[in-house]
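Worksheet: one structure, shown below.
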Amino acid sequence: MKILCCYNVNIDSVCTVDGARITDYIKNHEINDPPDQIRDMSDFLALLLMHIKNGTGGEYLLETPAAIREASSLIKDPPVLRLGGNAGIAADVLSSLGATLVIPNVVSLSRRQADLLSGGAIQIPVYVNDEVVLSKPYDAVRDQEEAIHYVFLFEKGTEITLHGRMIRAPYSNRIIATYDPKNIAMHVDAAFRDYSDAHVAEMDGALVSGFHLLRNTYPDGSTYIDQVHRILEQLKGWKSSNPNLRIHFESGDFLDGDIRDHVISCISDVVDSIGMNEEEFLMGDVDLSAINIIEKSVQEIDKLGISRLCVHTRDFIVSTFDPAYIDAASEIDALNFGASISAARATSGYVNQESIHDAIKKPKSNADGIHECSMVQEHFNGKRIGNGIHLELNDYSVCIVPSLWCEHPVTTVGLGDTMTAAVFLRELERCQ
């Protein structure tokens with residue numbers, strides 16, 4: 001399989017926060033109400049405490065890296081640098097899973113970024129004598145500018161005392177503080193643009209993401225509407241040149257509802273498939289049951305007019321699709337494959353042949369996910385296929401499988417992107 005991965009690739013600086021250190025720090029610092037953007041440590045702590053209390057994840061724009069400089073005193077160990085960004089993580093996973101060619105859009109290719117783009121199938125378009133050719137990442141280094149996102153993990157059971165009240169994390173998760181001017185503006189590397197436009201007929205699929213980083217306005221006077229229009233023109237060009245190209249859009253955690261609605265409305269006219277997690281999909285609805293998600297998915301896919309809508313949660317994965325898109329048995333196989341690869345990343349922190357083998361050979365049952373699947377089967381009179389359930393609702397096929405359980409994850413970063421990439425690859429293989 002040959003796959004384009006765009007538009008956001010960056011470096012994640014990953015660390016784990018220490019509850020006792022946070023408790024000591026906030027004794028002498030004011031905490032604001034949770035904001036939409038991180039301007040200082042008070043903003044950062046307000047968001048961190050909110051997510052620790054709820055066991056949820058989130059991503060927020062960072063006004064300047066200096067705003068969270070003091071956060072280094074709240075972590076357990078020095079940060080670890082990993083490949084980040086939806087497109088970056090997907091590219092790494094696809095390469096590890098045996099894709100023939102993976103071409104990511106990398107807007108800041110420093111030597112350190114190139115070292116992280118180590119997958120054998122990953123190639124970077126570069127200009128050589130006014131022609132665009134493919135190069136190994138290490139040979140394509142062009143600047144020292146780095147796009148670094150600051151990822152703060154917290155573990156299940158992390159305890160913090162605030163004003164005499166105990167806050168305890170019900171689940172492991174993370175928040176991300178993002179300072180990344182190029183990816184926030186959906187910058188497209190010129191060589192990537194020219195190569196993908198010229199060779200899209202050779203590609204099997206494209207994974208598209210990064211729109212959740214968009215801002216209302218930019219220093220040059222442009223708006224998110226301008227950025228979306230520019231990207232959509234490229235995607236439409238790809239589809240025109242290669243009608244068989246399958247494009248999956250991964251939503252991400254939008255900070256602005258108006259931007260989210262505009263993006264989803266526009267991009268649903270171009271892409272084949274859309275994916276998101278339960279928080280992004282439900283938007284405040286507290287009913288996290290699979291039955292509710294399935295009923296809402298059927299309404300949403302019908303409204304958007306796309307071929308497939310996937311909602312991945314901590315406990316299960318739901319895929320709602322046009323029966324012409326893929327057959328149910330193949331989709332359940334793809335979803336199970338994605339769950340296994342995501343579990344491999346959670347357990348070991350990375351995806352390679354050894355971690356994949358262990359995850360597939362020793363799957364850990366997710367009791368809550370299995371229960372949700374059983375409830376779906378009973379409620380909709382669904383058909384069991386392996387460990388998944390298939391049903392038909394309003395002329396759509398719906399498949400659900402349980403996620404695999406990891407009691408003590410090494411990381412919670414990129415699990416959805418890992419699952420998405422693995423499912424997409426397996427779908428492409430099954431539909432050839």
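Lettering and numbering for the structure tokens are positional, with chains as A, B, ... in the shown order, residues counted from 1 in each chain, and ligands counted from 1 in the shown order.
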Sorted per-residue table, stretch 97-204 of chain A near stretch 73-91 of chain A, closest atoms and distance, 9 Å, only C-alpha atoms, as a Markdown table:
| residue | atom | partner | partner_atom | distance |
| --- | --- | --- | --- | --- |
| A:Val102 | CA | A:Ala91 | CA | 6.1 |
| A:Ile103 | CA | A:Ala91 | CA | 7.4 |
| A:Pro104 | CA | A:Ala91 | CA | 6.5 |
| A:Asn105 | CA | A:Ala87 | CA | 7.8 |
| A:Val106 | CA | A:Gly88 | CA | 8.2 |
| A:Gln113 | CA | A:Leu83 | CA | 7.4 |
| A:Leu116 | CA | A:Leu83 | CA | 5.5 |
| A:Leu117 | CA | A:Leu83 | CA | 7.0 |
| A:Gly119 | CA | A:Ala91 | CA | 8.1 |
| A:Ala121 | CA | A:Ala91 | CA | 8.8 |
| A:Ile122 | CA | A:Ala91 | CA | 7.1 |
| A:Ile148 | CA | A:Gly84 | CA | 8.3 |
| A:His149 | CA | A:Gly84 | CA | 7.7 |
| A:Tyr150 | CA | A:Pro79 | CA | 8.9 |
| A:Val151 | CA | A:Pro79 | CA | 8.8 |
| A:Phe152 | CA | A:Ile75 | CA | 8.3 |
Using N, CA and C atoms, can you export the residues from the last selection as a PDB file, in the first residue's frame?
ATOM      1  N   VAL A 102       5.185   5.356   2.470  1.00  0.00           N
ATOM      2  CA  VAL A 102       4.451   6.296   3.314  1.00  0.00           C
ATOM      3  C   VAL A 102       5.099   7.666   3.152  1.00  0.00           C
ATOM      4  N   ILE A 103       4.298   8.654   2.719  1.00  0.00           N
ATOM      5  CA  ILE A 103       4.829   9.988   2.442  1.00  0.00           C
ATOM      6  C   ILE A 103       4.122  11.005   3.335  1.00  0.00           C
ATOM      7  N   PRO A 104       4.805  11.495   4.374  1.00  0.00           N
ATOM      8  CA  PRO A 104       4.201  12.499   5.251  1.00  0.00           C
ATOM      9  C   PRO A 104       4.550  13.920   4.820  1.00  0.00           C
ATOM     10  N   ASN A 105       3.685  14.846   5.182  1.00  0.00           N
ATOM     11  CA  ASN A 105       3.964  16.268   5.007  1.00  0.00           C
ATOM     12  C   ASN A 105       4.691  16.745   6.264  1.00  0.00           C
ATOM     13  N   VAL A 106       5.970  17.059   6.149  1.00  0.00           N
ATOM     14  CA  VAL A 106       6.773  17.488   7.300  1.00  0.00           C
ATOM     15  C   VAL A 106       7.197  18.929   7.077  1.00  0.00           C
ATOM     16  N   GLN A 113      14.057  15.581  14.205  1.00  0.00           N
ATOM     17  CA  GLN A 113      12.800  15.089  13.647  1.00  0.00           C
ATOM     18  C   GLN A 113      13.066  13.945  12.675  1.00  0.00           C
ATOM     19  N   LEU A 116      13.526  10.631  14.275  1.00  0.00           N
ATOM     20  CA  LEU A 116      12.292  10.016  14.756  1.00  0.00           C
ATOM     21  C   LEU A 116      11.474   9.416  13.618  1.00  0.00           C
ATOM     22  N   LEU A 117      11.654   9.940  12.401  1.00  0.00           N
ATOM     23  CA  LEU A 117      10.972   9.394  11.228  1.00  0.00           C
ATOM     24  C   LEU A 117      11.792   8.234  10.667  1.00  0.00           C
ATOM     25  N   GLY A 119      10.944   4.930  10.133  1.00  0.00           N
ATOM     26  CA  GLY A 119      10.335   3.790   9.455  1.00  0.00           C
ATOM     27  C   GLY A 119      10.890   3.579   8.071  1.00  0.00           C
ATOM     28  N   ALA A 121       9.638   2.535   5.345  1.00  0.00           N
ATOM     29  CA  ALA A 121       8.805   2.897   4.199  1.00  0.00           C
ATOM     30  C   ALA A 121       8.606   4.403   4.070  1.00  0.00           C
ATOM     31  N   ILE A 122       9.052   5.178   5.072  1.00  0.00           N
ATOM     32  CA  ILE A 122       8.818   6.617   5.068  1.00  0.00           C
ATOM     33  C   ILE A 122       9.781   7.327   4.127  1.00  0.00           C
ATOM     34  N   ILE A 148       7.582  21.387  18.422  1.00  0.00           N
ATOM     35  CA  ILE A 148       7.522  20.544  19.619  1.00  0.00           C
ATOM     36  C   ILE A 148       6.207  20.782  20.358  1.00  0.00           C
ATOM     37  N   HIS A 149       5.503  19.681  20.636  1.00  0.00           N
ATOM     38  CA  HIS A 149       4.281  19.727  21.427  1.00  0.00           C
ATOM     39  C   HIS A 149       4.593  19.121  22.793  1.00  0.00           C
ATOM     40  N   TYR A 150       4.129  19.780  23.832  1.00  0.00           N
ATOM     41  CA  TYR A 150       4.450  19.362  25.198  1.00  0.00           C
ATOM     42  C   TYR A 150       3.313  18.495  25.741  1.00  0.00           C
ATOM     43  N   VAL A 151       3.620  17.227  25.971  1.00  0.00           N
ATOM     44  CA  VAL A 151       2.615  16.243  26.383  1.00  0.00           C
ATOM     45  C   VAL A 151       2.825  15.898  27.852  1.00  0.00           C
ATOM     46  N   PHE A 152       1.799  16.129  28.653  1.00  0.00           N
ATOM     47  CA  PHE A 152       1.873  15.864  30.088  1.00  0.00           C
ATOM     48  C   PHE A 152       0.937  14.706  30.423  1.00  0.00           C
TER      49      PHE A 152
END
Interface rows for stretch 363-426 of chain A against stretch 46-58 of chain A: nearest pair, Å to one decimal, 12 Å, only C-alpha atoms, as CSV:
residue,atom,partner,partner_atom,distance
A:Thr412,CA,A:Gly57,CA,8.9
A:Val413,CA,A:Gly57,CA,9.2
A:Gly414,CA,A:Gly57,CA,11.1
A:Leu415,CA,A:Gly57,CA,11.6
A:Gly416,CA,A:Gly57,CA,11.6
Export of prior selection with N, CA and C atoms as a compact mmCIF listing (two decimals), in the first residue's frame:
# COMPACT_ATOMS: atom_id res chain seq x y z
N THR A 412 -0.49 7.12 26.79
CA THR A 412 -1.85 7.28 26.28
C THR A 412 -1.86 8.20 25.07
N VAL A 413 -0.69 8.60 24.61
CA VAL A 413 -0.54 9.53 23.49
C VAL A 413 -0.59 8.75 22.17
N GLY A 414 -1.46 9.19 21.27
CA GLY A 414 -1.48 8.63 19.93
C GLY A 414 -2.18 7.29 19.79
N LEU A 415 -2.91 6.86 20.81
CA LEU A 415 -3.57 5.55 20.71
C LEU A 415 -4.66 5.57 19.64
N GLY A 416 -5.42 6.67 19.58
CA GLY A 416 -6.45 6.78 18.54
C GLY A 416 -5.85 6.84 17.14
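A straight line drawn from atom CA of A:His262 to atom CA of A:Asp226 is 11.5 Å long.
Going from atom CA of A:Val298 over to atom CA of A:Asn173, you cover 28.6 Å.
Proximity ranking of A:Ser397, A:Gln377, A:Thr64, A:Asn183 relative to A:Ala324 places A:Ser397 first, based on only C-alpha atoms.
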